[in-house]
Structure formats: C-alpha cells, structure tokens
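Notes for the one structure printed next.
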Amino acid sequence: MPSHPDGGYRILMSAPVIIAPSILASDFARLGEEARAVAAAGADWLHIDVMDGHFVPNITIGPDVVKALRPHVDIPFDVHLMIAPADPYLEAFREAGADLISVHPEAGPHLNRTLQRIRALGAKAGVVFNPSTQPDIIQYMMDDVDLLLVMSINPGFGGQSFMHSQLKKIERLRAMADAAGRTDMLIEVDGGVNADTARLCIEAGANALVAGTAVFKGGPVAYADNITRLRGERAAPAAL
Ligand code: DX5
Ligand code: ZN
C-alpha cells in the first residue's frame, strides 16, 4: 500500500484549485525527474494516463511504471484508467501507489461495483465522462464517488483542442453534486486545458485541472510559471 505521509489527506485540502500535470506530456525517458520537477514547481497531484490500445487508440504505461515513480514524489497519484476491463487491474494500481483511481463507465458493466472496489482498496473513486457520456449516469450514485472527471477532448492523446461544449457538463455536474449535498465533490477537467480554458472550467464549477501540454511546454525551467498561469495567477517577471 502507498505510504506517503499525507495518507491521502491533502487530496481534499489542496485549495483553491488542484493542478494535476499529466505525465503523458513529459519526457518518458526521464519520468522520475519529470515527476520531481513538477512537484517542486507546485503541482498538487500527478495525473497518470493509463491506456490499453483497446479502449483508446494508444498504449502508455502499467502498474510497474506507477510503482517505479512512487518513491520520487509524495503528492497524490491521480490515475486515469483508459482500459477495458478495468476491474482486474484496480488492486495492482492501488498497490503501485495510486491515491485516486478513475474509470470510464463504458469500460465495464457495473460502474457502482467498480467504485465500491476502488474505495475498498483505500483509494478515492472517480468516474470519467467522455464528451458523449451523459452526466445523468451518476445521478443516483453521488455518495459513491469522490471525483467526477470531465473529458474536454476524446481520450487517447495529449495536445488536442479544448471542447467548449463540455463546459455545460461541468456546470450540470456541479449543480447535481450540490443538489445531492456533495458540495465537497471534486470536479476535474482533462484535455486542452491552458490558462484561458482553465478560467472557463473554474467558472463552470471545476476545482481540479489536468494539464499536459500546458504544464510541460518549455521544459523544467518553465514548469512553475506554467502552473501559476493555470491557477489564474501571474507568472513571476523574468529576471533582469
Ligand atoms: C488524454 C489524457 C489527458 C492528456 C491531456 O487521453 O487523458 O490527460 O494528457 O493532455 P493535454 O493537456 O495536452 O490536452
Ligand atoms: Zn487523463
């Protein structure tokens, strides 16, 4: 089991907006260094995109890579499973160090059971909404989920353009969560998030943002400023 000191507590304590750099956009030959660099630059979580070449048309990493990364940083690992089925791999990702595990409802027949399994393993449970996935699927399961992850692109690749059509879904999910008394709900957005679209997501009700390209562009010297811009703050002025 992961044993980093916050025990998952910081997952809900990081405020006001959680920034989760996606290592999909990092240098895969230097993953450990890249994870340390974004953590030192102020990242709240590390977003890890797991793809199987079946559920999405790309293949990335498995539990062994997550396990190898775990000792490098103590920020929570936000593991986005783009695999089908997901259930047989939940335990392996949790044991590798995942703190949050998110699944697509289309990846299996029993979403509620999958969420129960994730929580039983001691992780936070997330549901991912593809651009075509209806928000209503979660309506009667609000107490069974910790994180709602809205895809603002079709999953599989970084570097795509933000779909503004998904802002309404963020608003709708926030309203549904509030109506269910879940004002603490984590609503995260993934895909094409940059300083401009980040602001729109936050205004719509998001409190966590995934960003690959927008964090990793410019290399390690730029990471802190890139993260600052995503928070809606000004980057530090260049040194004279
Ligand atoms: C794509 C992944 C995203 C991706 C986002 O399927 O889920 O996390 O890394 O990349 P950007 O921020 O470049 O759109
Ligand atoms: Zn992702």
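Labeling convention for the structure tokens: chains A, B, ... as they appear, residues from 1 per chain, ligands from 1 in order of appearance.
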(request) For ligand 2, collect every residue having any atom at a distance of at most 10 Å from a ligand atom (counting only C-alpha atoms and all ligand atoms); output as a ChimeraX atom specification. (result) /A:20-24,47-51,78-82,102,128,149-151,153,155-158,188-191,210-212
(message) For the structure I just gave you, how does DSSP split segment 15-148 of chain A - specifically, which residues are strand (DSSP E or B)? Reply as a ChimeraX atom specification.
(response) /A:18-22,46-52,59,77-82,100-103,124-129,147-148
For those residues, write N, CA and C atoms to a file as an mmCIF file, in the first residue's frame.
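Saved result, result07.cif, follows:
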data_model
loop_
_atom_site.group_PDB
_atom_site.id
_atom_site.type_symbol
_atom_site.label_atom_id
_atom_site.label_comp_id
_atom_site.auth_asym_id
_atom_site.auth_seq_id
_atom_site.Cartn_x
_atom_site.Cartn_y
_atom_site.Cartn_z
ATOM 1 N N ILE A 18 -6.951 22.504 -7.740
ATOM 2 C CA ILE A 18 -5.902 21.490 -7.776
ATOM 3 C C ILE A 18 -5.344 21.408 -9.192
ATOM 4 N N ILE A 19 -4.029 21.471 -9.309
ATOM 5 C CA ILE A 19 -3.393 21.334 -10.617
ATOM 6 C C ILE A 19 -2.725 19.964 -10.678
ATOM 7 N N ALA A 20 -3.124 19.191 -11.688
ATOM 8 C CA ALA A 20 -2.622 17.822 -11.853
ATOM 9 C C ALA A 20 -1.926 17.687 -13.209
ATOM 10 N N PRO A 21 -0.618 17.916 -13.251
ATOM 11 C CA PRO A 21 0.087 17.742 -14.527
ATOM 12 C C PRO A 21 -0.016 16.300 -15.023
ATOM 13 N N SER A 22 -0.266 16.157 -16.317
ATOM 14 C CA SER A 22 -0.346 14.827 -16.923
ATOM 15 C C SER A 22 1.027 14.445 -17.447
ATOM 16 N N LEU A 46 -0.214 14.263 -9.347
ATOM 17 C CA LEU A 46 0.376 13.831 -10.617
ATOM 18 C C LEU A 46 -0.678 12.992 -11.343
ATOM 19 N N HIS A 47 -1.049 13.422 -12.539
ATOM 20 C CA HIS A 47 -2.065 12.713 -13.328
ATOM 21 C C HIS A 47 -1.373 11.695 -14.219
ATOM 22 N N ILE A 48 -1.806 10.442 -14.097
ATOM 23 C CA ILE A 48 -1.146 9.352 -14.817
ATOM 24 C C ILE A 48 -2.162 8.690 -15.745
ATOM 25 N N ASP A 49 -1.913 8.781 -17.037
ATOM 26 C CA ASP A 49 -2.832 8.283 -18.061
ATOM 27 C C ASP A 49 -2.455 6.862 -18.461
ATOM 28 N N VAL A 50 -3.365 5.939 -18.180
ATOM 29 C CA VAL A 50 -3.125 4.524 -18.467
ATOM 30 C C VAL A 50 -4.005 4.114 -19.653
ATOM 31 N N MET A 51 -3.382 3.695 -20.737
ATOM 32 C CA MET A 51 -4.120 3.367 -21.973
ATOM 33 C C MET A 51 -3.720 1.973 -22.458
ATOM 34 N N ASP A 52 -4.726 1.274 -23.024
ATOM 35 C CA ASP A 52 -4.501 -0.135 -23.356
ATOM 36 C C ASP A 52 -4.510 -0.453 -24.853
ATOM 37 N N ILE A 59 -1.297 3.332 -26.411
ATOM 38 C CA ILE A 59 -0.822 2.488 -25.313
ATOM 39 C C ILE A 59 0.198 3.288 -24.504
ATOM 40 N N PHE A 77 -1.164 10.459 -6.445
ATOM 41 C CA PHE A 77 -1.196 9.968 -7.825
ATOM 42 C C PHE A 77 -2.660 9.829 -8.256
ATOM 43 N N ASP A 78 -2.990 10.550 -9.310
ATOM 44 C CA ASP A 78 -4.340 10.612 -9.873
ATOM 45 C C ASP A 78 -4.325 9.743 -11.138
ATOM 46 N N VAL A 79 -4.765 8.503 -10.983
ATOM 47 C CA VAL A 79 -4.604 7.521 -12.075
ATOM 48 C C VAL A 79 -5.891 7.427 -12.893
ATOM 49 N N HIS A 80 -5.768 7.757 -14.159
ATOM 50 C CA HIS A 80 -6.884 7.793 -15.105
ATOM 51 C C HIS A 80 -6.800 6.533 -15.971
ATOM 52 N N LEU A 81 -7.697 5.599 -15.697
ATOM 53 C CA LEU A 81 -7.660 4.319 -16.410
ATOM 54 C C LEU A 81 -8.478 4.395 -17.694
ATOM 55 N N MET A 82 -7.801 4.320 -18.815
ATOM 56 C CA MET A 82 -8.474 4.234 -20.122
ATOM 57 C C MET A 82 -8.247 2.818 -20.637
ATOM 58 N N LEU A 100 -5.933 8.189 -6.196
ATOM 59 C CA LEU A 100 -7.240 8.337 -6.833
ATOM 60 C C LEU A 100 -7.225 7.446 -8.065
ATOM 61 N N ILE A 101 -8.318 6.705 -8.252
ATOM 62 C CA ILE A 101 -8.422 5.854 -9.436
ATOM 63 C C ILE A 101 -9.744 6.189 -10.120
ATOM 64 N N SER A 102 -9.648 6.587 -11.394
ATOM 65 C CA SER A 102 -10.847 6.964 -12.146
ATOM 66 C C SER A 102 -11.060 6.005 -13.301
ATOM 67 N N VAL A 103 -12.337 5.652 -13.494
ATOM 68 C CA VAL A 103 -12.691 4.706 -14.557
ATOM 69 C C VAL A 103 -13.761 5.313 -15.460
ATOM 70 N N LYS A 124 -9.459 6.993 -3.513
ATOM 71 C CA LYS A 124 -10.622 7.800 -3.898
ATOM 72 C C LYS A 124 -11.114 7.289 -5.251
ATOM 73 N N ALA A 125 -12.435 7.278 -5.425
ATOM 74 C CA ALA A 125 -13.016 6.704 -6.636
ATOM 75 C C ALA A 125 -13.539 7.790 -7.570
ATOM 76 N N GLY A 126 -13.129 7.708 -8.841
ATOM 77 C CA GLY A 126 -13.544 8.706 -9.819
ATOM 78 C C GLY A 126 -14.261 8.090 -11.003
ATOM 79 N N VAL A 127 -15.186 8.878 -11.574
ATOM 80 C CA VAL A 127 -15.895 8.493 -12.803
ATOM 81 C C VAL A 127 -15.509 9.489 -13.890
ATOM 82 N N VAL A 128 -15.170 8.958 -15.073
ATOM 83 C CA VAL A 128 -14.748 9.811 -16.180
ATOM 84 C C VAL A 128 -15.859 9.913 -17.218
ATOM 85 N N PHE A 129 -16.116 11.130 -17.661
ATOM 86 C CA PHE A 129 -17.166 11.396 -18.653
ATOM 87 C C PHE A 129 -16.531 11.729 -19.989
ATOM 88 N N LEU A 147 -14.776 11.797 -7.156
ATOM 89 C CA LEU A 147 -14.232 12.657 -8.211
ATOM 90 C C LEU A 147 -15.018 12.448 -9.501
ATOM 91 N N LEU A 148 -15.391 13.532 -10.146
ATOM 92 C CA LEU A 148 -16.029 13.478 -11.460
ATOM 93 C C LEU A 148 -15.050 14.108 -12.442
#
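Proximity ranking of A:Ala25, A:Met176, A:Ile170, A:Val73 relative to ligand 1 places A:Ala25 first, based on only C-alpha atoms and all ligand atoms.
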(request) Fewer than 3 positions away in the same chain doesn't count, so skip those; otherwise give me all residues within 8 Å of Gly232 of chain A, counting only C-alpha atoms, as a list in words. (result) Ala195, Ala198, Arg199, Thr228 and Arg229 of chain A
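For the choices A:Pro57, A:Gly62, A:Pro85, A:Pro237, the atom-to-atom distance to ligand 1 is smallest for A:Pro57 when using only C-alpha atoms and all ligand atoms.
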(request) Using DSSP on the backbone coordinates, identify the residues of segment 34-73 of chain A assigned to helix (DSSP H, G or I); present them as a list in words. (result) Glu34, Ala35, Arg36, Ala37, Val38, Ala39, Ala40, Pro63, Asp64, Val65, Val66, Lys67, Ala68, Leu69, Arg70, Pro71 and His72 of chain A
Dump as a short mmCIF file (atom, residue, chain, number, x, y, z; two decimals), in the first residue's frame, selection limited to C-alpha atoms:
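Saved the output as out_9.cif:
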data_model
loop_
_atom_site.label_atom_id
_atom_site.label_comp_id
_atom_site.auth_asym_id
_atom_site.auth_seq_id
_atom_site.Cartn_x
_atom_site.Cartn_y
_atom_site.Cartn_z
CA GLU A 34 9.94 14.97 -14.54
CA ALA A 35 7.68 13.94 -11.65
CA ARG A 36 10.07 15.56 -9.16
CA ALA A 37 10.32 18.71 -11.26
CA VAL A 38 6.55 19.30 -11.48
CA ALA A 39 6.08 18.50 -7.79
CA ALA A 40 8.80 21.03 -6.91
CA PRO A 63 1.32 -0.55 -12.70
CA ASP A 64 5.06 -1.27 -12.73
CA VAL A 65 5.80 2.22 -14.02
CA VAL A 66 3.49 3.75 -11.41
CA LYS A 67 5.31 1.75 -8.73
CA ALA A 68 8.69 2.92 -10.00
CA LEU A 69 7.51 6.54 -9.88
CA ARG A 70 6.05 6.35 -6.38
CA PRO A 71 9.27 6.96 -4.41
CA HIS A 72 10.10 10.07 -6.42
#
(message) I'd like the interatomic distance between atom CA of Met142 of chain A and atom CA of Arg172 of chain A, to a tenth of an Å.
(response) 13.2 Å
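Residues in contact range of Gly219 of chain A, defined as at most 9 Å between only C-alpha atoms, with sequence neighbours fewer than 4 positions away removed, read Ser26, Val215 and Tyr223 of chain A.
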Okay, now the selection with N, CA, C and O atoms, as a PDB file, in the first residue's frame?
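Listing of part-v4.pdb after writing:
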ATOM      1  N   SER A  26       5.230  14.503 -20.587  1.00  0.00           N
ATOM      2  CA  SER A  26       6.599  14.642 -20.081  1.00  0.00           C
ATOM      3  C   SER A  26       7.551  13.815 -20.945  1.00  0.00           C
ATOM      4  O   SER A  26       7.142  13.109 -21.857  1.00  0.00           O
ATOM      5  N   VAL A 215       1.522  22.376 -19.035  1.00  0.00           N
ATOM      6  CA  VAL A 215       2.500  22.346 -17.931  1.00  0.00           C
ATOM      7  C   VAL A 215       3.902  22.063 -18.449  1.00  0.00           C
ATOM      8  O   VAL A 215       4.871  22.717 -18.057  1.00  0.00           O
ATOM      9  N   TYR A 223       8.142  25.100 -15.698  1.00  0.00           N
ATOM     10  CA  TYR A 223       7.026  24.413 -15.045  1.00  0.00           C
ATOM     11  C   TYR A 223       6.329  25.280 -13.980  1.00  0.00           C
ATOM     12  O   TYR A 223       5.094  25.301 -13.909  1.00  0.00           O
TER      13      TYR A 223
END
(message) List as a ChimeraX atom specification the protein and nucleic acid residues near Tyr140 of chain A, meaning an atom at most 12 Å away when only C-alpha atoms are counted, but skip any in the same chain fewer than 3 places from it.
(response) /A:111-112,135-137,143-145,176-177,179-180
(message) When you count only C-alpha atoms and all ligand atoms, which of these residues is closest to ligand 1: A:Asn58, A:Thr133, A:Gln116, A:Ser165?
(response) A:Asn58
(request) Within 7 Å of Ala107 of chain A, counting only C-alpha atoms, which residues show up once you throw out same-chain ones fewer than 6 positions away? Write them as a list in words, please. (result) Ile83, Ala84, Pro85 and Ala86 of chain A
Could those residues be written to a file, using C-alpha atoms, as an mmCIF file, in the first residue's frame?
data_model
loop_
_atom_site.group_PDB
_atom_site.id
_atom_site.type_symbol
_atom_site.label_atom_id
_atom_site.label_comp_id
_atom_site.auth_asym_id
_atom_site.auth_seq_id
_atom_site.Cartn_x
_atom_site.Cartn_y
_atom_site.Cartn_z
ATOM 1 C CA ILE A 83 -8.591 0.442 -20.160
ATOM 2 C CA ALA A 84 -11.339 -2.146 -20.557
ATOM 3 C CA PRO A 85 -11.922 -4.092 -18.467
ATOM 4 C CA ALA A 86 -10.584 -2.032 -15.557
#
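Each of A:Gly192, A:Gly42, A:Pro109, A:Gly159 was compared to Val17 of chain A using only C-alpha atoms, and A:Gly42 turns out to be the nearest.
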